[in-house]
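A.B. asks: Structure file structure-v1.txt (compact mmCIF, C-alpha atoms) is given on the next line.
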# COMPACT_ATOMS: atom_id res chain seq x y z
CA MET R 207 0.00 0.00 0.00
CA THR R 208 1.36 3.43 -0.96
CA ASP R 209 1.52 6.39 1.43
CA ALA R 210 -1.35 7.93 -0.52
CA GLN R 211 -3.51 4.86 -0.01
CA GLU R 212 -2.73 4.74 3.70
CA THR R 213 -3.89 8.34 3.90
CA ALA R 214 -7.10 7.43 2.06
CA ALA R 215 -7.77 4.72 4.61
CA ASP R 216 -7.64 7.29 7.41
CA SER R 217 -11.29 8.33 7.66
CA SER R 218 -10.38 11.30 9.90
CA LEU R 219 -9.04 13.09 6.83
CA ARG R 220 -12.30 12.81 4.92
CA THR R 221 -14.64 15.76 4.76
CA THR R 222 -18.36 15.93 4.08
CA GLY R 223 -20.57 18.40 2.31
CA GLY R 224 -17.79 19.45 -0.06
CA THR R 225 -16.23 21.84 2.45
CA PRO R 226 -13.06 21.69 4.62
CA PRO R 227 -13.23 20.52 8.23
CA ASP R 228 -14.13 23.11 10.86
CA ASP R 229 -10.66 22.80 12.35
CA ALA R 230 -8.86 25.58 10.45
CA GLU R 231 -5.42 24.41 11.57
CA SER R 232 -5.93 20.86 10.31
CA SER R 233 -7.51 21.99 7.04
CA ALA R 234 -4.59 24.28 6.35
CA THR R 235 -2.13 21.41 6.61
CA GLU R 236 -4.26 18.83 4.78
CA ALA R 237 -3.73 19.85 1.17
CA PRO R 238 -5.27 17.50 -1.43
CA ILE R 239 -2.96 14.61 -2.28
CA PRO R 240 -2.32 13.82 -5.94
CA LEU R 241 -3.28 10.23 -6.72
CA LEU R 242 -0.59 9.17 -9.19
CA GLU R 243 -0.58 5.37 -9.35
CA PRO R 244 -3.11 2.56 -8.78
CA ARG R 245 -2.19 0.70 -5.61
CA GLU R 246 -1.40 -2.56 -7.44
CA GLY R 247 -0.07 -0.83 -10.54
CA ILE R 248 -1.71 -0.73 -13.96
CA PRO R 249 -3.27 -4.11 -14.74
CA PRO R 250 -2.84 -5.63 -18.20
CA VAL R 251 -5.76 -4.98 -20.54
CA VAL R 252 -7.98 -8.06 -20.95
CA THR R 253 -8.15 -8.88 -24.66
CA ASP R 254 -8.93 -12.62 -24.87
CA GLU R 255 -11.39 -15.13 -23.48
CA ALA R 256 -8.88 -16.84 -21.19
CA ALA R 257 -7.95 -13.59 -19.44
CA LEU R 258 -11.63 -12.63 -19.26
CA ALA R 259 -12.46 -15.95 -17.60
CA ARG R 260 -9.84 -15.25 -14.93
CA VAL R 261 -11.29 -11.80 -14.29
CA ILE R 262 -14.80 -13.20 -14.02
CA ALA R 263 -13.67 -15.78 -11.47
CA ALA R 264 -11.75 -13.19 -9.45
CA PHE R 265 -14.64 -10.71 -9.33
CA ALA R 266 -17.17 -13.41 -8.53
CA ALA R 267 -14.99 -14.37 -5.54
CA GLY R 268 -14.53 -10.76 -4.41
CA SER R 269 -16.48 -9.06 -1.65
CA GLY R 270 -18.52 -5.90 -1.30
CA PRO R 271 -19.65 -3.45 -4.00
CA VAL R 272 -17.94 -3.32 -7.38
CA ALA R 273 -16.77 -0.01 -8.90
CA VAL R 274 -17.60 0.19 -12.60
CA ASP R 275 -16.70 2.74 -15.27
CA ALA R 276 -16.64 2.81 -19.07
CA GLU R 277 -14.79 4.97 -21.58
CA ARG R 278 -16.38 5.94 -24.89
CA ALA R 279 -15.02 7.75 -27.94
CA SER R 280 -17.54 10.57 -28.12
CA GLY R 281 -16.63 13.07 -30.79
CA TYR R 282 -14.44 10.52 -32.57
CA ARG R 283 -16.60 7.48 -33.37
CA TYR R 284 -20.19 6.90 -34.44
CA GLY R 285 -22.46 6.01 -31.56
CA GLN R 286 -21.69 5.65 -27.87
CA ARG R 287 -20.19 2.16 -27.58
CA ALA R 288 -17.72 1.34 -24.82
CA TYR R 289 -14.03 1.09 -25.74
CA LEU R 290 -12.73 0.29 -22.25
CA VAL R 291 -14.44 -1.07 -19.15
CA GLN R 292 -12.86 -0.61 -15.72
CA LEU R 293 -13.84 -2.51 -12.58
CA ARG R 294 -12.55 -2.74 -9.03
CA ARG R 295 -13.69 -4.91 -6.14
CA GLU R 296 -12.29 -5.86 -2.79
CA GLY R 297 -10.40 -9.12 -3.12
CA ALA R 298 -10.23 -8.90 -6.92
CA GLY R 299 -8.29 -5.69 -7.48
CA THR R 300 -8.71 -3.65 -10.67
CA ALA R 301 -9.48 -4.98 -14.15
CA LEU R 302 -9.30 -3.17 -17.48
CA ILE R 303 -11.27 -4.93 -20.24
CA ASP R 304 -11.20 -4.20 -23.96
CA PRO R 305 -14.83 -4.65 -25.12
CA VAL R 306 -13.73 -4.50 -28.75
CA ALA R 307 -11.66 -7.66 -28.32
CA CYS R 308 -14.18 -9.11 -25.82
CA PRO R 309 -17.56 -7.82 -27.02
CA ASP R 310 -19.69 -10.15 -24.88
CA LEU R 311 -19.33 -9.43 -21.17
CA SER R 312 -22.61 -11.08 -20.18
CA GLY R 313 -20.65 -13.71 -18.23
CA LEU R 314 -19.12 -10.96 -16.12
CA GLY R 315 -22.52 -9.35 -15.69
CA GLU R 316 -23.94 -12.66 -14.49
CA ALA R 317 -21.04 -13.15 -12.07
CA LEU R 318 -21.88 -9.77 -10.53
CA ALA R 319 -25.63 -10.40 -10.31
CA GLY R 320 -26.91 -9.26 -6.94
CA VAL R 321 -23.77 -7.19 -6.30
CA GLU R 322 -24.16 -3.45 -5.87
CA TRP R 323 -22.44 -1.55 -8.69
CA VAL R 324 -20.91 1.82 -7.91
CA LEU R 325 -20.90 4.22 -10.86
CA HIS R 326 -20.45 7.95 -11.27
CA ALA R 327 -23.22 9.47 -13.43
CA ALA R 328 -24.66 6.02 -14.06
CA THR R 329 -27.11 7.05 -16.79
CA GLN R 330 -24.16 7.98 -19.02
CA ASP R 331 -22.49 4.55 -18.81
CA LEU R 332 -25.42 2.15 -18.50
CA PRO R 333 -26.47 2.28 -22.19
CA CYS R 334 -23.03 1.25 -23.48
CA LEU R 335 -22.66 -1.36 -20.72
CA ARG R 336 -26.07 -2.79 -21.62
CA GLU R 337 -24.85 -3.26 -25.22
CA ILE R 338 -22.09 -5.63 -24.03
CA GLY R 339 -24.24 -7.63 -21.64
CA MET R 340 -23.65 -5.79 -18.37
CA LEU R 341 -26.56 -4.40 -16.38
CA PRO R 342 -26.74 -4.01 -12.59
CA SER R 343 -29.61 -5.24 -10.46
CA SER R 344 -28.69 -2.59 -7.87
CA LEU R 345 -26.41 0.42 -7.99
CA PHE R 346 -25.05 3.42 -6.13
CA ASP R 347 -24.55 6.57 -8.22
CA THR R 348 -21.93 8.78 -6.58
CA GLU R 349 -22.76 11.77 -8.78
CA LEU R 350 -26.47 11.63 -7.96
CA ALA R 351 -25.62 11.03 -4.30
CA GLY R 352 -23.59 14.23 -4.38
CA ARG R 353 -26.52 16.15 -5.83
CA LEU R 354 -28.93 14.88 -3.21
CA ALA R 355 -26.41 15.68 -0.46
CA GLY R 356 -26.10 19.26 -1.70
CA PHE R 357 -22.55 19.27 -3.04
CA PRO R 358 -21.99 22.31 -5.28
CA ARG R 359 -19.65 20.41 -7.64
CA VAL R 360 -20.42 16.79 -8.44
CA GLY R 361 -17.83 15.82 -11.06
CA LEU R 362 -15.79 12.78 -10.03
CA GLY R 363 -12.60 14.80 -9.56
CA ALA R 364 -14.32 17.42 -7.43
CA MET R 365 -16.07 14.78 -5.32
CA VAL R 366 -12.92 12.71 -4.71
CA GLU R 367 -11.04 15.85 -3.73
CA GLY R 368 -13.79 17.34 -1.56
CA VAL R 369 -14.77 14.11 0.20
CA LEU R 370 -11.60 11.99 0.24
CA GLY R 371 -8.85 14.60 -0.08
CA PHE R 372 -7.25 13.25 -3.28
CA VAL R 373 -6.66 14.85 -6.66
CA LEU R 374 -7.42 12.74 -9.74
CA GLU R 375 -5.61 13.55 -12.97
CA LYS R 376 -8.37 14.29 -15.50
CA GLY R 377 -6.32 15.15 -18.59
CA HIS R 378 -7.44 12.12 -20.61
CA SER R 379 -11.21 12.31 -20.18
CA ALA R 380 -11.86 13.46 -23.77
CA VAL R 381 -9.28 11.41 -25.69
CA ASP R 382 -10.09 8.94 -28.46
CA TRP R 383 -10.57 5.73 -26.48
CA SER R 384 -10.92 3.72 -29.69
CA THR R 385 -7.14 4.12 -30.13
CA ARG R 386 -5.26 0.82 -30.11
CA PRO R 387 -3.03 0.10 -28.33
CA LEU R 388 -4.12 2.42 -25.53
CA PRO R 389 -1.18 4.48 -24.21
CA GLU R 390 -0.02 3.70 -20.68
CA PRO R 391 -0.93 7.17 -19.29
CA TRP R 392 -4.49 6.66 -20.46
CA LEU R 393 -4.68 3.25 -18.82
CA ARG R 394 -3.32 4.71 -15.59
CA TYR R 395 -6.02 7.40 -15.71
CA ALA R 396 -8.69 4.76 -16.38
CA ALA R 397 -7.56 2.56 -13.48
CA LEU R 398 -7.49 5.53 -11.10
CA ASP R 399 -11.08 6.41 -12.00
CA VAL R 400 -12.29 3.30 -10.12
CA GLU R 401 -9.52 3.29 -7.49
CA LEU R 402 -11.45 5.24 -4.85
CA LEU R 403 -15.02 4.92 -6.15
CA VAL R 404 -16.11 2.52 -3.40
CA ASP R 405 -14.41 4.71 -0.76
CA LEU R 406 -16.38 7.66 -2.15
CA ARG R 407 -19.56 5.62 -2.06
CA ASP R 408 -19.05 4.73 1.60
CA ALA R 409 -18.40 8.34 2.60
CA LEU R 410 -21.42 9.61 0.68
CA GLU R 411 -23.65 6.95 2.20
CA LYS R 412 -22.70 8.20 5.66
CA GLU R 413 -23.35 11.81 4.62
CA LEU R 414 -26.75 10.96 3.14
CA GLU R 415 -27.66 9.05 6.28
CA ARG R 416 -26.58 12.03 8.40
CA GLN R 417 -28.86 14.29 6.38
CA GLY R 418 -31.78 11.85 6.49
CA LYS R 419 -31.66 11.37 2.71
CA LEU R 420 -30.28 7.84 2.35
CA GLU R 421 -33.67 6.26 1.67
CA TRP R 422 -34.35 8.97 -0.92
CA ALA R 423 -31.09 8.10 -2.67
CA ARG R 424 -31.89 4.38 -2.61
CA GLN R 425 -35.22 5.04 -4.33
CA GLU R 426 -33.45 7.08 -7.01
CA PHE R 427 -30.82 4.39 -7.55
CA ASP R 428 -33.50 1.68 -7.82
CA ALA R 429 -35.35 3.76 -10.42
CA ILE R 430 -32.20 4.09 -12.54
CA ALA R 431 -31.44 0.37 -12.34
CA ALA R 432 -35.02 -0.55 -13.30
CA ALA R 433 -35.38 1.98 -16.14
CA PRO R 434 -35.85 0.46 -19.62
CA PRO R 435 -33.63 1.51 -22.53
CA ALA R 436 -34.44 4.96 -23.88
CA GLU R 437 -36.72 5.08 -26.91
CA PRO R 438 -35.07 6.25 -30.15
CA ARG R 439 -35.54 9.97 -30.71
CA LYS R 440 -38.24 10.96 -33.16
CA ASP R 441 -36.87 13.13 -35.98
CA PRO R 442 -33.37 13.40 -34.49
CA TRP R 443 -32.38 15.75 -37.33
CA ARG R 444 -34.44 18.44 -35.63
CA ARG R 445 -31.77 18.63 -32.91
CA THR R 446 -29.22 20.05 -35.37
CA SER R 447 -27.46 22.98 -33.70
CA GLY R 448 -28.68 26.28 -35.14
CA MET R 449 -32.12 24.98 -36.17
CA HIS R 450 -33.76 28.09 -34.70
CA LYS R 451 -32.58 29.97 -37.80
CA VAL R 452 -34.41 27.62 -40.16
CA ARG R 453 -37.99 28.78 -40.69
CA ARG R 454 -39.28 27.60 -44.05
CA ARG R 455 -40.44 24.04 -44.72
CA ARG R 456 -38.21 23.67 -47.79
CA GLN R 457 -35.23 24.66 -45.68
CA LEU R 458 -36.25 22.11 -43.06
CA ALA R 459 -36.26 19.48 -45.79
CA VAL R 460 -32.68 20.40 -46.69
CA VAL R 461 -31.63 19.98 -43.06
CA ARG R 462 -33.32 16.57 -42.94
CA GLU R 463 -31.72 15.35 -46.19
CA LEU R 464 -28.22 16.55 -45.27
CA TRP R 465 -28.50 15.20 -41.70
CA GLU R 466 -29.65 11.76 -42.86
CA THR R 467 -26.98 11.62 -45.57
CA ARG R 468 -24.34 12.59 -43.04
CA ASP R 469 -25.60 9.99 -40.58
CA ARG R 470 -25.39 7.18 -43.13
CA ILE R 471 -21.84 8.16 -44.08
CA ALA R 472 -20.75 8.51 -40.43
CA GLN R 473 -22.21 5.14 -39.51
CA LYS R 474 -20.54 3.43 -42.48
CA ARG R 475 -17.16 5.02 -41.68
CA ASP R 476 -17.62 4.68 -37.89
CA VAL R 477 -16.75 8.30 -37.23
CA SER R 478 -18.51 11.07 -35.35
CA PRO R 479 -21.08 12.78 -37.64
CA GLY R 480 -19.51 16.14 -36.86
CA LYS R 481 -16.31 14.95 -38.51
CA VAL R 482 -18.22 14.27 -41.73
CA LEU R 483 -20.08 17.58 -41.92
CA SER R 484 -20.68 20.21 -39.25
CA ASP R 485 -24.10 21.31 -38.05
CA THR R 486 -23.13 24.85 -39.07
CA ALA R 487 -22.61 23.70 -42.66
CA ILE R 488 -25.98 21.94 -42.71
CA VAL R 489 -27.80 25.05 -41.54
CA GLU R 490 -25.87 27.28 -43.96
CA ALA R 491 -26.92 25.07 -46.88
CA ALA R 492 -30.53 25.01 -45.69
CA LEU R 493 -30.71 28.79 -45.52
CA ALA R 494 -29.02 29.29 -48.91
CA LEU R 495 -30.79 26.49 -50.85
CA PRO R 496 -27.84 26.33 -53.28
CA PRO R 497 -28.88 25.48 -56.86
CA ASN R 498 -25.53 23.90 -57.80
CA VAL R 499 -22.15 22.69 -56.55
CA HIS R 500 -20.47 26.00 -57.36
CA VAL R 501 -22.75 27.93 -55.02
CA LEU R 502 -22.54 25.20 -52.38
CA ALA R 503 -18.73 25.36 -52.40
CA GLY R 504 -18.88 29.01 -51.41
CA LEU R 505 -20.79 28.35 -48.16
CA ASN R 506 -19.22 28.00 -44.72
CA GLY R 507 -18.30 24.37 -44.10
CA PHE R 508 -18.02 23.48 -47.79
CA GLY R 509 -14.63 25.10 -48.43
CA HIS R 510 -11.64 24.31 -50.62
CA ARG R 511 -10.65 21.28 -48.51
CA MET R 512 -13.77 19.42 -49.65
CA GLY R 513 -13.33 17.42 -52.85
CA ARG R 514 -15.61 17.59 -55.86
CA ARG R 515 -17.07 14.16 -55.15
CA GLN R 516 -17.99 15.16 -51.58
CA LEU R 517 -19.54 18.40 -52.76
CA GLU R 518 -21.62 16.50 -55.29
CA GLN R 519 -23.00 14.11 -52.67
CA TRP R 520 -24.10 17.05 -50.51
CA GLN R 521 -25.58 18.88 -53.50
CA THR R 522 -27.49 15.73 -54.41
CA ALA R 523 -29.04 15.75 -50.94
CA VAL R 524 -29.98 19.43 -51.35
CA ASP R 525 -31.47 18.70 -54.76
CA ARG R 526 -33.63 15.93 -53.29
CA ALA R 527 -35.07 18.41 -50.81
CA ARG R 528 -35.59 21.03 -53.51
CA ALA R 529 -37.52 18.52 -55.65
CA LEU R 530 -39.93 17.35 -52.96
CA PRO R 531 -43.60 18.21 -53.41
CA ASP R 532 -45.05 20.53 -50.79
CA SER R 533 -47.01 17.64 -49.29
CA ALA R 534 -43.75 15.82 -48.43
CA LEU R 535 -42.07 18.76 -46.70
CA PRO R 536 -41.63 18.51 -42.92
CA GLN R 537 -43.78 20.67 -40.72
CA PRO R 538 -42.10 23.34 -38.59
CA GLY R 539 -41.72 22.36 -34.95
CA GLN R 540 -42.37 18.97 -33.42
CA PRO R 541 -45.70 17.49 -32.37
CA VAL R 542 -46.38 18.60 -28.82
CA THR R 543 -47.44 15.74 -26.55
CA GLY R 544 -47.52 17.72 -23.32
CA PRO R 545 -48.32 21.26 -22.27
CA PRO R 546 -47.42 24.18 -24.55
CA PRO R 547 -44.27 26.20 -23.83
CA PRO R 548 -44.71 28.09 -20.52
CA ARG R 549 -44.22 31.44 -22.28
CA ALA R 550 -47.57 30.87 -24.01
CA TRP R 551 -49.52 30.03 -20.88
CA ALA R 552 -50.48 33.58 -19.94
CA ASP R 553 -52.41 33.95 -23.20
CA LYS R 554 -53.77 30.41 -23.47
CA ASP R 555 -54.72 29.81 -19.83
CA PRO R 556 -53.97 32.58 -17.30
CA ALA R 557 -55.12 30.39 -14.39
CA ALA R 558 -52.63 27.67 -15.37
CA ALA R 559 -49.90 30.30 -15.67
CA ALA R 560 -50.66 31.45 -12.13
CA ARG R 561 -50.56 27.87 -10.87
CA LEU R 562 -47.21 27.28 -12.54
CA SER R 563 -45.72 30.44 -11.08
CA ALA R 564 -46.84 29.49 -7.58
CA ALA R 565 -45.67 25.88 -7.99
CA ARG R 566 -42.24 26.89 -9.27
CA ALA R 567 -41.76 29.26 -6.35
CA ALA R 568 -42.84 26.57 -3.86
CA VAL R 569 -40.54 23.93 -5.37
CA SER R 570 -37.63 26.36 -5.48
CA ALA R 571 -38.06 27.26 -1.81
CA LEU R 572 -38.35 23.61 -0.79
CA ALA R 573 -35.29 22.61 -2.82
CA GLU R 574 -33.29 25.36 -1.14
CA GLU R 575 -34.49 24.20 2.25
CA LEU R 576 -33.49 20.61 1.45
CA ASN R 577 -30.18 21.74 -0.08
CA MET R 578 -30.52 20.03 -3.45
CA PRO R 579 -31.14 21.00 -7.09
CA GLN R 580 -34.80 21.58 -7.96
CA GLU R 581 -34.70 19.05 -10.81
CA ASN R 582 -33.69 16.30 -8.37
CA LEU R 583 -36.52 17.20 -6.02
CA ILE R 584 -39.10 16.94 -8.82
CA THR R 585 -38.66 17.24 -12.58
CA PRO R 586 -39.75 20.55 -14.15
CA ASP R 587 -41.78 18.58 -16.74
CA THR R 588 -43.80 16.95 -13.97
CA VAL R 589 -44.57 20.35 -12.43
CA ARG R 590 -45.63 21.76 -15.82
CA ARG R 591 -47.93 18.84 -16.62
CA LEU R 592 -49.54 18.94 -13.19
CA CYS R 593 -50.16 22.69 -13.38
CA TRP R 594 -51.47 22.61 -16.94
CA GLU R 595 -53.94 19.83 -16.22
CA PRO R 596 -54.51 19.50 -12.47
CA PRO R 597 -56.78 16.81 -10.98
CA ARG R 598 -60.51 17.54 -11.21
CA VAL R 599 -60.65 17.54 -7.42
CA VAL R 600 -57.48 18.99 -5.95
CA ASP R 601 -56.55 17.31 -2.69
CA ALA R 602 -53.50 15.55 -1.25
CA GLU R 603 -54.57 12.15 -2.58
CA SER R 604 -55.29 13.30 -6.13
CA VAL R 605 -52.04 15.30 -6.35
CA ALA R 606 -50.06 12.32 -5.06
CA ASP R 607 -51.80 10.01 -7.58
CA ALA R 608 -50.92 12.40 -10.41
CA LEU R 609 -47.28 12.48 -9.32
CA VAL R 610 -47.19 8.68 -9.26
CA ALA R 611 -48.52 8.63 -12.82
CA TYR R 612 -45.73 10.97 -13.90
CA GLY R 613 -43.09 8.68 -12.42
CA ALA R 614 -42.25 10.51 -9.20
CA ARG R 615 -40.68 8.41 -6.44
CA PRO R 616 -42.37 8.01 -3.03
CA TRP R 617 -39.88 10.32 -1.28
CA GLN R 618 -40.50 13.04 -3.88
CA ILE R 619 -44.26 12.70 -3.53
CA GLU R 620 -44.01 12.97 0.25
CA GLN R 621 -41.86 16.09 0.05
CA VAL R 622 -43.55 18.09 -2.71
CA THR R 623 -47.25 17.20 -2.36
CA PRO R 624 -48.00 19.77 0.39
CA ALA R 625 -46.24 22.57 -1.52
CA LEU R 626 -47.89 21.68 -4.85
CA LEU R 627 -51.29 21.27 -3.21
CA THR R 628 -51.07 24.83 -1.89
CA ALA R 629 -49.95 26.16 -5.27
CA LEU R 630 -52.75 24.36 -7.16
CA SER R 631 -55.39 25.52 -4.68
CA ALA R 632 -54.33 29.17 -4.74
Kindly transcribe the structure held in the file into structure tokens.
C.D. replies:
Amino acid sequence: MTDAQETAADSSLRTTGGTPPDDAESSATEAPIPLLEPREGIPPVVTDEAALARVIAAFAAGSGPVAVDAERASGYRYGQRAYLVQLRREGAGTALIDPVACPDLSGLGEALAGVEWVLHAATQDLPCLREIGMLPSSLFDTELAGRLAGFPRVGLGAMVEGVLGFVLEKGHSAVDWSTRPLPEPWLRYAALDVELLVDLRDALEKELERQGKLEWARQEFDAIAAAPPAEPRKDPWRRTSGMHKVRRRRQLAVVRELWETRDRIAQKRDVSPGKVLSDTAIVEAALALPPNVHVLAGLNGFGHRMGRRQLEQWQTAVDRARALPDSALPQPGQPVTGPPPPRAWADKDPAAAARLSAARAAVSALAEELNMPQENLITPDTVRRLCWEPPRVVDAESVADALVAYGARPWQIEQVTPALLTALSA
């Protein structure tokens, strides 16, 4: 065990709430300690079935929660697949697994069935872990725990420093994790990301229990673990950056054609769509409706570095949009399934606008009292839906039933029902 790890084991040096200890003298001498090396060194990357079988056996025989993390290649590759999986468990040490070489980790997932997984910002990693056969039955999310406990900064580095007194090196968080072989400094960074995750979990559990919020956190964690995969987005091309500039239906059709063409190319080449064509270029072409390649080449994003063949494929997409009959053009905006935008409420339904104003103020005050972000107390969408279409008879039972229907957890319902009942009755 290194000196740094011995310090980590000393619980008297840990702080809670993201602030230094009250003892000014001790806090002045307890500067954060850089965490430079995993305690057992950097483990070899698992790239074959034999090595994976050994890891599965070791982690099945381990004890306590298992720290889990995954690295993606966002901004470099198409999609959000995992390119490295890191795990750590008492008695098993740390494992680094290459899910490209070992794409089926369902055996590892089965070996960890019933074990609590500790993740930071779990909703970011669970989709790519699900793709390779790993899904927890129970989890502890250290980022969400930090939010519920009222920490002002909930990134992993900030939490490890504020709670455990160590500094994690974060210089490799945005690198291209699809690189092979992975450089040693990146592997060191990846191993350190799970080095203290269980220690952080234990400290946060104590802090949540001290604040009377541990059961709330458990309900949130259970909801994340039980959540089904997200539905595919409808009309994902509408999320192109800069779409607010595009007003006419023909221009919308150009955005759609260019976005879908770009997506097919990016998927085929396995690169980030932004590396094929930028959102800015798509919007520029939509606004200009270029009639030919020469005009297209003069637009931002279609400069001299783009070859004639590339320009022609983009112009072909523009031409398809230009040739569409009016009946095939996309409608502006997306179908609204819930309440209208709040800015329109005053004109459409002044009473609903008044309810929303009162409810927002009540939720804000309660969140401040409980020392947590408003969106973790109750989602803004839930508040809007409840205020736009309140129960026919407004009482504690009907408000609670409505919150259940919108997916609120029992602890949230208990906390916000009195405040929302007052706001809806005003």
A.B. asks: Separation of atom CA of R:Ala559 and atom CA of R:Asn577, in Å?
C.D. replies: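 Going from atom CA of R:Ala559 over to atom CA of R:Asn577, I get 26.6 Å.
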A.B. asks: Please tell me which residues are no farther than 10 Å from (-9.5, -5.6, -3.5) in the file, counting all atoms listed in the file, and write them as a PyMOL selection string.
C.D. replies: chain R and resi 245-246+264-265+268-270+272+294-300+401
A.B. asks: Show me the residues close to (-19.7, 14.6, -38.7) - anything with an atom within 12 Å, counting all atoms listed in the file - and format the list as a PyMOL selection string.
C.D. replies: chain R and resi 280-285+446+464-488+507
A.B. asks: Excluding R:Ala602 and any residue of its chain fewer than 3 positions from it, enumerate the residues within 10 Å of it, using only C-alpha atoms, and give them as a list in words.
C.D. replies: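 Those residues are Val599, Val605, Ala606, Asp607, Ile619, Glu620, Thr623, Pro624, Leu626, Leu627 and Thr628 of chain R.
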A.B. asks: Ranking R:Leu374, R:Val460, R:Leu345, R:Ile262 by minimum distance to R:Ala429 and counting all atoms listed in the file, which one comes first?
C.D. replies: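 Comparing R:Leu374, R:Val460, R:Leu345, R:Ile262 against R:Ala429, the winner is R:Leu345.
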A.B. asks: Given the choices R:Phe346, R:Trp520, R:Trp323, R:Tyr612, which gets closest to R:Leu420 if the distance is worked out from only C-alpha atoms?
C.D. replies: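 Closest to R:Leu420, using only C-alpha atoms: R:Phe346.
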